[in-house]
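Peer 1: Have a look at this one.
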Number of protein chains: 2
Amino acid sequence: MAELAERLIARERAAVPEALNLIDDQRPAQRARAHALLARIEAASGPTGGAWRIGMTGAPGAGKSTLLDLCVQRFRADDLDVGVIAVDPSSPRSGGALLGDRFRMRASARDRGVFVRSMAARERLGGLADATHASVEVLSVVFDVVLVESVGVGQSEGDIAREVDTTVFVAQPGAGDMLQFMKAGILEVPDIFVVNKADLGALAERSAGELSAGLGLAERKSAGWTPPVLLCSARDGTGVDRLMDAMRAHRRHLEDSGELARVRRRACEAFVREALRERYGSFGLGAIGGSEGLDARLARIDAGAFASVQRIGDEIESKLCGAPPEGHA
Amino acid sequence: MAELAERLIARERAAVPEALNLIDDQRPAQRARAHALLARIEAASGPTGGAWRIGMTGAPGAGKSTLLDLCVQRFRADDLDVGVIAVDPSSPRSGGALLGDRFRMRASARDRGVFVRSMAARERLGGLADATHASVEVLSVVFDVVLVESVGVGQSEGDIAREVDTTVFVAQPGAGDMLQFMKAGILEVPDIFVVNKADLGALAERSAGELSAGLGLAERKSAGWTPPVLLCSARDGTGVDRLMDAMRAHRRHLEDSGELARVRRRACEAFVREALRERYGSFGLGAIGGSEGLDARLARIDAGAFASVQRIGDEIESKLCGAPPEGHA
């Protein structure tokens, strides 16, 4: 385990598949090894180290994949290595194979500086949140940039916003009343909005205008950053340079304002919360006082996410094997 | 509890808010009472009784709400009472208040034959799946039709398809390459497809054509039913009658083919699985042999969902307080 961790920390590309396979292994002994690996990697990265983590989200058909591919090419032109994670929480059936195929067919997948990982809901014992977070951590020590693609935003499963530093939301022109996005809470989360298919002209411009107007009314998670609304065309590459500039500007904002530490801290807390819930359920969490007990422990987190899950988990297991919480039915 | 159950079974409207409040109550003693209530209601409805359950799903902005409202009016014109559940898994922040407001503003909300319930992700200890399923069960004994609106399809949270008999997917014209829907596994699930905003003309017709073509390739969950693709305009009401006809035809298909029993059985199993996972997590399920152990118990389910959760839960709790499963970290 220590050796695999050292290889990853030395940014050895060949160690990545082995680490990801270990993470996927559901056998108890392997899961313990995976957590030891992840805790070690986390300690090496520190609270704000590792790759720049960018999420790209939006409805199916909005053009995320093509846009992401163009961004990968731009990063490669700057000589940055890129890890891509495609999260597909929506299809228990296709099992992620289609996503994998899609990526493999694309140009950037033939580049050695690009690594692509597909994740699907599959059998969910073990948890998609667990697996996504763990994969981001692994790629984050090896690559300069980690790009996560998902259809989810603001949702529990497939919610990539909380895993990444910079969230890009890809909308399509004519995707209806932007007020609906606002009502669904979607405008609160992303750092950058892209209206794709700018080749659709007036329709795209009207949608961008509606988005901007909606953003003026939405409650924002982060002060000091006004999310830009950009027009892009993934088809002909229009606007991709401006998107890259906006992403870099957001990254600088995170660093200059000290927000990056807060964003990472929040990601860590959210992961610990979700991982413990997946592992122990409301009954198990009841053993440490439910939500309140968990909140109190989260406020005291000082180690990394995986070490914290381990520590709080040990406490839950030891308490569970005592008396069950009173009155729980 | 018995009295509240009897009032619901006697279809007393005034008992509904009390029952739903009880379901929402997270205190252990209240949860036990809620489960007793639900088990009793379930036993009264039987495996295929209660309301016709219809789900309406699609991306934000697709026009689900307006369309659903028009359907409610049609059901009311047939003198059927309607319960509506609006599930909003996407916004932990807005807490469902916006959805509630939206419905309250609408015409049908002033009708005594219509009851509207909003559900949001909120604090998730206790579980959205739990709450949605329980609310459907309560409304199902009192009303003739239960309509569930959600943005989710094929996802774990907010996945209404597994809770309902008939799933309507509302797409919007120009919602991109329908192949993307297929890749996301969306085409596998719904029973009826609606392309809304038919007033957009050629674009709507092209989208409907793409959907139909995609459907020809998609793997379907149910034999003997080919999902129709309909053009609608929620704005001017065009196509709503055809949608109603399609829903009725699907309902007849379910009854005539015996599929209804299978659909309800699957809903029951999915609920038990999800509820146990939310309550006990992978650690707790490990005590009964994990996925395999759970599958074996699900195959033997003969009582209702709530009674089964209770029985398997009791087994897990008694085993958890013995030795923890070997090697679990």
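In the structure tokens, chains take letters A, B, ... by order of appearance, with residues numbered from 1 within each chain and ligands from 1 in the order shown.
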Do a neighbour search on A:Phe169 at 12 Å with only C-alpha atoms, toss out local chain neighbours closer than 5 positions, and write the hits as a PyMOL selection string.

Peer 2: chain A and resi 54-60+62-64+67-68+148-154+160-161+181+186-196+211+227-232+243+247

Peer 1: Could you please take those selected residues and save C-alpha atoms as a compact mmCIF listing (two decimals), in the first residue's frame?

Peer 2:
```
# COMPACT_ATOMS: atom_id res chain seq x y z
CA ILE A 54 -13.04 21.42 -12.53
CA GLY A 55 -16.57 20.10 -12.89
CA MET A 56 -18.66 20.30 -16.03
CA THR A 57 -22.35 19.70 -15.60
CA GLY A 58 -25.64 20.17 -17.43
CA ALA A 59 -28.51 18.18 -18.91
CA PRO A 60 -27.89 15.31 -21.34
CA ALA A 62 -26.32 20.11 -23.76
CA GLY A 63 -22.94 19.39 -25.32
CA LYS A 64 -20.83 18.94 -22.18
CA LEU A 67 -16.92 21.11 -24.78
CA LEU A 68 -14.94 19.19 -22.20
CA VAL A 148 -15.27 15.77 -13.78
CA GLU A 149 -18.27 15.48 -16.07
CA SER A 150 -21.72 14.73 -14.71
CA VAL A 151 -25.38 15.40 -15.39
CA GLY A 152 -26.00 16.18 -11.73
CA VAL A 153 -25.84 19.52 -10.00
CA GLY A 154 -27.15 20.31 -6.55
CA ILE A 160 -19.93 17.14 -8.63
CA ALA A 161 -20.08 20.76 -7.51
CA PHE A 181 -33.45 26.79 -13.33
CA ILE A 186 -29.33 25.35 -10.17
CA LEU A 187 -28.24 28.96 -10.45
CA GLU A 188 -26.91 28.99 -6.89
CA VAL A 189 -24.10 26.57 -7.50
CA PRO A 190 -22.04 26.97 -10.70
CA ASP A 191 -19.13 29.40 -11.00
CA ILE A 192 -19.34 29.74 -14.76
CA PHE A 193 -22.33 29.41 -17.09
CA VAL A 194 -21.99 28.42 -20.70
CA VAL A 195 -24.78 28.62 -23.22
CA ASN A 196 -23.62 26.12 -25.77
CA LEU A 211 -29.53 33.39 -17.43
CA PRO A 227 -20.42 33.97 -12.46
CA PRO A 228 -19.96 34.97 -16.09
CA VAL A 229 -22.43 33.76 -18.72
CA LEU A 230 -20.58 32.80 -21.89
CA LEU A 231 -21.73 31.83 -25.35
CA CYS A 232 -19.92 28.86 -26.84
CA LEU A 243 -14.28 29.77 -21.30
CA MET A 247 -11.91 29.19 -15.62
```

Peer 1: Could you check how far atom CA of B:Arg297 sits from atom CA of B:Gly281, in Å to one decimal?

Peer 2: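 So the answer is 16.4 Å.
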
Peer 1: Restricting the calculation to only C-alpha atoms: of B:His133, B:Arg117, B:Arg300, B:Arg273, which residue gets closest to chain A?

Peer 2: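 Under the stated criterion, the closest residue is B:Arg273.
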
Peer 1: Using only C-alpha atoms, which protein or nucleic acid residues come within 9 Å of stretch 259-264 of chain A? Drop anything in the same chain fewer than 2 positions from it, and give the result as a list in words.

Peer 2: Pro47, Thr48, Arg162, Glu163, Val164, Asp165, Ser222, Arg251, His253, Leu254, Glu255, Asp256, Ser257, Arg266, Ala267, Cys268 and Glu269 of chain A

Peer 1: Can you pull out the residues contacting A:Glu12? Cut-off 10 Å, using only C-alpha atoms, and skip same-chain residues under 5 positions away; I want them as a compact mmCIF listing (two decimals) with C-alpha atoms, in the first residue's frame.

Peer 2:
```
# COMPACT_ATOMS: atom_id res chain seq x y z
CA LEU A 4 1.49 2.27 -4.38
CA ALA A 5 0.96 5.54 -2.54
CA GLU A 6 4.57 6.57 -3.15
CA ARG A 7 4.26 5.79 -6.84
CA VAL A 141 -2.05 13.72 -7.04
CA VAL A 142 -0.97 12.54 -10.49
CA PHE A 143 -2.41 15.10 -12.90
```

Peer 1: Could you please determine the separation between atom CA of B:Gly290 and atom CA of B:Leu320 in Å, to one decimal place?

Peer 2: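 Straight-line distance from atom CA of B:Gly290 to atom CA of B:Leu320 works out to 12.6 Å.
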
Peer 1: Each residue of stretch 212-310 of chain A lying at most 12 Å from stretch 18-42 of chain B should get a row with its shortest atom-to-atom pair and the distance in Å to one decimal, counting only C-alpha atoms; could you produce that, ordered by chain and increasing number, as a Markdown table?

Peer 2:
```
| residue | atom | partner | partner_atom | distance |
| --- | --- | --- | --- | --- |
| A:Ser282 | CA | B:Gln26 | CA | 10.5 |
| A:Phe283 | CA | B:Pro28 | CA | 10.1 |
| A:Gly286 | CA | B:Pro28 | CA | 9.8 |
| A:Gly290 | CA | B:Gln26 | CA | 10.6 |
| A:Ser291 | CA | B:Gln26 | CA | 11.1 |
```

Peer 1: I need the chosen residues saved as a PDB file, in the first residue's frame, with C-alpha atoms.

Peer 2:
```pdb
ATOM      1  CA  SER A 282     -29.511   6.709  10.010  1.00  0.00           C
ATOM      2  CA  PHE A 283     -29.450   3.870  12.517  1.00  0.00           C
ATOM      3  CA  GLY A 286     -28.051   7.524  15.669  1.00  0.00           C
ATOM      4  CA  GLY A 290     -27.642  11.659  14.633  1.00  0.00           C
ATOM      5  CA  SER A 291     -27.206  14.875  12.624  1.00  0.00           C
TER       6      SER A 291
END
```

Peer 1: With only C-alpha atoms as the atoms that count, which of B:Ala305, B:Leu147, B:Val87, B:Ala246 lies nearest to chain A?

Peer 2: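 Residue with the minimum atom-to-atom distance to chain A: B:Val87.
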